[in-house]
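Structure first, then comments.
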Amino acid sequence: MMAQTIQSNQADQNDMFYEDDNTAVEVVSDSRKYLTFVSNGLGFAIPSDYVIEIINEHFITHLPRVPDYIRGIINLRGQIIPIMDARLRMGHPASDHKKETCIIVISVNDNSIGLFVDKVLHMIDIPDDAISEPPVNNNQEFVNGITHINNVVYLLLDCELLLK
C-alpha cells in the first residue's frame, strides 16, 4: 500500500486518515493557538503569537488629552506600555475594575500595548476551517473572523487593525 502525507506548518495538529483504493492519505488540518477573553459579555480570541503576557494587577497612570479608549500607561519592567480599553475601543460602554479584569500585553509589529479586558478565559486551538467570515452587516470593525468552539462563539480580533 502506498502512503502520502499532506501536512500543515504545524506537525502537532489533528490527523485525519482517508483510504482510497490502494492509497492512504494522511491529512493534517491547519490550526492556530488563540487566547480567549471576554469583553462586554462577548467572547473574543486573539492569535497567541501576539500575546506577551497577562497582568492581573497593575497601577495605570492616566494621561491627559488621549483618546477615551486609552486608559493610560503602565511601567512594565522599565518599558512604558499604553493601555487600551477593549470595550471603549470597540464602541461599548466602560466597565468598572473587577476581580477578573486584567491586561493582556500584546506586541504587534514591534509595538507593545496592553488590552484592558473583562476576563481572560483560556488558550485554545482553532482549526483554520472552523473560522468563518464575519457577517456582512458586522458592527465589529476590528473582527476578521468568527468561530464556534465547544458551544461558544468567539469573535477573532484583527490586532493590527485594533492598533491603527
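Every chain in the C-alpha cells takes a letter, A first, then B, and so on in the order presented; its residues are numbered from 1, and the ligands are numbered from 1 following the presented order.
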
Q: Can you pull out every residue within 9 Å of stretch 107-113 of chain A, counting only C-alpha atoms, but drop anything in the same chain fewer than 2 positions away, and send it as a PyMOL selection string?
A: chain A and resi 49-52+80-84+104-105+115+159-160+163

Export of prior selection with all heavy atoms as a short mmCIF file (atom, residue, chain, number, x, y, z; two decimals), in the first residue's frame:
data_model
loop_
_atom_site.label_atom_id
_atom_site.label_comp_id
_atom_site.auth_asym_id
_atom_site.auth_seq_id
_atom_site.Cartn_x
_atom_site.Cartn_y
_atom_site.Cartn_z
N ASP A 49 0.44 34.24 19.09
CA ASP A 49 1.76 34.77 18.76
C ASP A 49 1.86 36.28 18.99
O ASP A 49 2.96 36.82 19.02
CB ASP A 49 2.20 34.39 17.34
CG ASP A 49 1.13 34.49 16.29
OD1 ASP A 49 -0.06 34.45 16.63
OD2 ASP A 49 1.48 34.58 15.10
N TYR A 50 0.76 36.97 19.20
CA TYR A 50 0.78 38.38 19.58
C TYR A 50 0.92 38.57 21.09
O TYR A 50 1.34 39.63 21.54
CB TYR A 50 -0.51 39.10 19.14
CG TYR A 50 -0.65 39.30 17.66
CD1 TYR A 50 -1.70 38.71 16.97
CD2 TYR A 50 0.24 40.09 16.94
CE1 TYR A 50 -1.85 38.90 15.61
CE2 TYR A 50 0.09 40.28 15.58
CZ TYR A 50 -0.95 39.68 14.92
OH TYR A 50 -1.11 39.87 13.57
N VAL A 51 0.55 37.57 21.87
CA VAL A 51 0.47 37.71 23.33
C VAL A 51 1.85 37.63 23.97
O VAL A 51 2.59 36.67 23.75
CB VAL A 51 -0.47 36.65 23.93
CG1 VAL A 51 -0.52 36.78 25.45
CG2 VAL A 51 -1.86 36.77 23.33
N ILE A 52 2.16 38.62 24.79
CA ILE A 52 3.41 38.65 25.54
C ILE A 52 3.18 38.12 26.95
O ILE A 52 3.88 37.24 27.42
CB ILE A 52 3.99 40.09 25.62
CG1 ILE A 52 4.20 40.66 24.21
CG2 ILE A 52 5.27 40.12 26.43
CD1 ILE A 52 5.15 39.90 23.34
N ILE A 80 7.51 51.35 28.98
CA ILE A 80 6.24 52.07 29.08
C ILE A 80 5.26 51.46 28.08
O ILE A 80 5.52 51.42 26.88
CB ILE A 80 6.42 53.57 28.80
CG1 ILE A 80 7.43 54.16 29.77
CG2 ILE A 80 5.08 54.30 28.88
CD1 ILE A 80 7.09 54.01 31.24
N ILE A 81 4.13 50.96 28.59
CA ILE A 81 3.12 50.28 27.77
C ILE A 81 1.81 51.06 27.85
O ILE A 81 1.26 51.23 28.94
CB ILE A 81 2.86 48.83 28.29
CG1 ILE A 81 4.15 48.05 28.44
CG2 ILE A 81 1.83 48.13 27.41
CD1 ILE A 81 4.77 47.58 27.17
N PRO A 82 1.29 51.54 26.71
CA PRO A 82 -0.04 52.17 26.73
C PRO A 82 -1.11 51.10 26.96
O PRO A 82 -0.98 49.97 26.50
CB PRO A 82 -0.18 52.81 25.35
CG PRO A 82 0.84 52.15 24.50
CD PRO A 82 1.90 51.57 25.39
N ILE A 83 -2.17 51.47 27.67
CA ILE A 83 -3.25 50.55 27.98
C ILE A 83 -4.51 50.99 27.25
O ILE A 83 -5.00 52.11 27.45
CB ILE A 83 -3.53 50.47 29.49
CG1 ILE A 83 -2.26 50.11 30.26
CG2 ILE A 83 -4.66 49.49 29.79
CD1 ILE A 83 -1.64 48.78 29.86
N MET A 84 -5.03 50.09 26.40
CA MET A 84 -6.24 50.36 25.62
C MET A 84 -7.40 49.57 26.22
O MET A 84 -7.28 48.37 26.43
CB MET A 84 -6.02 49.91 24.17
CG MET A 84 -7.25 50.07 23.29
SD MET A 84 -7.03 49.32 21.65
CE MET A 84 -5.69 50.26 21.00
N ILE A 104 -4.00 42.24 28.91
CA ILE A 104 -3.28 41.33 28.02
C ILE A 104 -2.26 42.19 27.27
O ILE A 104 -2.65 43.07 26.49
CB ILE A 104 -4.21 40.63 27.02
CG1 ILE A 104 -5.32 39.87 27.73
CG2 ILE A 104 -3.40 39.71 26.11
CD1 ILE A 104 -6.41 39.36 26.80
N VAL A 105 -0.98 41.96 27.51
CA VAL A 105 0.05 42.71 26.81
C VAL A 105 0.33 41.99 25.50
O VAL A 105 0.65 40.80 25.49
CB VAL A 105 1.34 42.83 27.65
CG1 VAL A 105 2.41 43.61 26.88
CG2 VAL A 105 1.05 43.51 28.99
N LEU A 115 -4.12 45.41 26.47
CA LEU A 115 -5.57 45.42 26.25
C LEU A 115 -6.24 45.19 27.60
O LEU A 115 -6.05 44.14 28.22
CB LEU A 115 -5.99 44.31 25.28
CG LEU A 115 -5.61 44.46 23.83
CD1 LEU A 115 -6.10 43.25 23.04
CD2 LEU A 115 -6.20 45.73 23.26
N CYS A 159 -5.64 42.22 15.40
CA CYS A 159 -4.80 43.03 16.30
C CYS A 159 -4.13 44.21 15.59
O CYS A 159 -4.00 45.28 16.17
CB CYS A 159 -3.74 42.14 16.95
SG CYS A 159 -4.43 40.95 18.12
N GLU A 160 -3.75 44.02 14.34
CA GLU A 160 -3.11 45.12 13.61
C GLU A 160 -4.09 46.26 13.38
O GLU A 160 -3.75 47.42 13.55
CB GLU A 160 -2.54 44.61 12.30
CG GLU A 160 -1.37 43.66 12.52
CD GLU A 160 -0.73 43.17 11.23
OE1 GLU A 160 -0.91 43.84 10.18
OE2 GLU A 160 -0.07 42.13 11.29
N LEU A 163 -4.84 48.37 16.56
CA LEU A 163 -3.82 49.34 16.96
C LEU A 163 -3.72 50.55 16.04
O LEU A 163 -3.03 51.51 16.36
CB LEU A 163 -2.47 48.67 17.06
CG LEU A 163 -2.12 48.14 18.44
CD1 LEU A 163 -3.12 47.16 18.97
CD2 LEU A 163 -0.73 47.63 18.51
#

Q. Atom CA of A:Val152 to atom CA of A:Phe116: how many Å, to one decimal?
A.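 Distance reported for this atom pair: 21.4 Å.
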
**Q.** Per-residue DSSP, stretch 54-105 of chain A, filtered to alpha helix (DSSP H), as a list of chain:residue names
**A.** A:Ala86, A:Arg87, A:Leu88, A:Arg89

Could those residues be written to a file, using all heavy atoms, as a PDB file, in the first residue's frame?
ATOM      1  N   ALA A  86     -10.448  47.608  25.768  1.00  0.00           N
ATOM      2  CA  ALA A  86     -11.062  46.897  24.635  1.00  0.00           C
ATOM      3  C   ALA A  86     -12.524  47.277  24.462  1.00  0.00           C
ATOM      4  O   ALA A  86     -13.013  47.420  23.338  1.00  0.00           O
ATOM      5  CB  ALA A  86     -10.914  45.388  24.818  1.00  0.00           C
ATOM      6  N   ARG A  87     -13.249  47.459  25.574  1.00  0.00           N
ATOM      7  CA  ARG A  87     -14.669  47.844  25.486  1.00  0.00           C
ATOM      8  C   ARG A  87     -14.829  49.178  24.764  1.00  0.00           C
ATOM      9  O   ARG A  87     -15.621  49.302  23.835  1.00  0.00           O
ATOM     10  CB  ARG A  87     -15.263  47.983  26.889  1.00  0.00           C
ATOM     11  CG  ARG A  87     -15.654  46.707  27.553  1.00  0.00           C
ATOM     12  CD  ARG A  87     -16.121  47.047  28.981  1.00  0.00           C
ATOM     13  NE  ARG A  87     -16.774  45.928  29.588  1.00  0.00           N
ATOM     14  CZ  ARG A  87     -18.082  45.829  29.758  1.00  0.00           C
ATOM     15  NH1 ARG A  87     -18.878  46.792  29.377  1.00  0.00           N
ATOM     16  NH2 ARG A  87     -18.598  44.759  30.313  1.00  0.00           N
ATOM     17  N   LEU A  88     -14.093  50.182  25.219  1.00  0.00           N
ATOM     18  CA  LEU A  88     -14.219  51.517  24.640  1.00  0.00           C
ATOM     19  C   LEU A  88     -13.730  51.562  23.193  1.00  0.00           C
ATOM     20  O   LEU A  88     -14.326  52.233  22.356  1.00  0.00           O
ATOM     21  CB  LEU A  88     -13.454  52.533  25.483  1.00  0.00           C
ATOM     22  CG  LEU A  88     -14.014  52.775  26.883  1.00  0.00           C
ATOM     23  CD1 LEU A  88     -13.089  53.688  27.681  1.00  0.00           C
ATOM     24  CD2 LEU A  88     -15.418  53.356  26.818  1.00  0.00           C
ATOM     25  N   ARG A  89     -12.667  50.815  22.895  1.00  0.00           N
ATOM     26  CA  ARG A  89     -12.131  50.805  21.531  1.00  0.00           C
ATOM     27  C   ARG A  89     -13.142  50.245  20.542  1.00  0.00           C
ATOM     28  O   ARG A  89     -13.204  50.648  19.387  1.00  0.00           O
ATOM     29  CB  ARG A  89     -10.836  49.984  21.483  1.00  0.00           C
ATOM     30  CG  ARG A  89     -10.172  49.943  20.124  1.00  0.00           C
ATOM     31  CD  ARG A  89      -9.650  51.312  19.732  1.00  0.00           C
ATOM     32  NE  ARG A  89      -8.828  51.221  18.543  1.00  0.00           N
ATOM     33  CZ  ARG A  89      -9.003  51.962  17.452  1.00  0.00           C
ATOM     34  NH1 ARG A  89      -9.971  52.863  17.433  1.00  0.00           N
ATOM     35  NH2 ARG A  89      -8.223  51.831  16.423  1.00  0.00           N
TER      36      ARG A  89
END
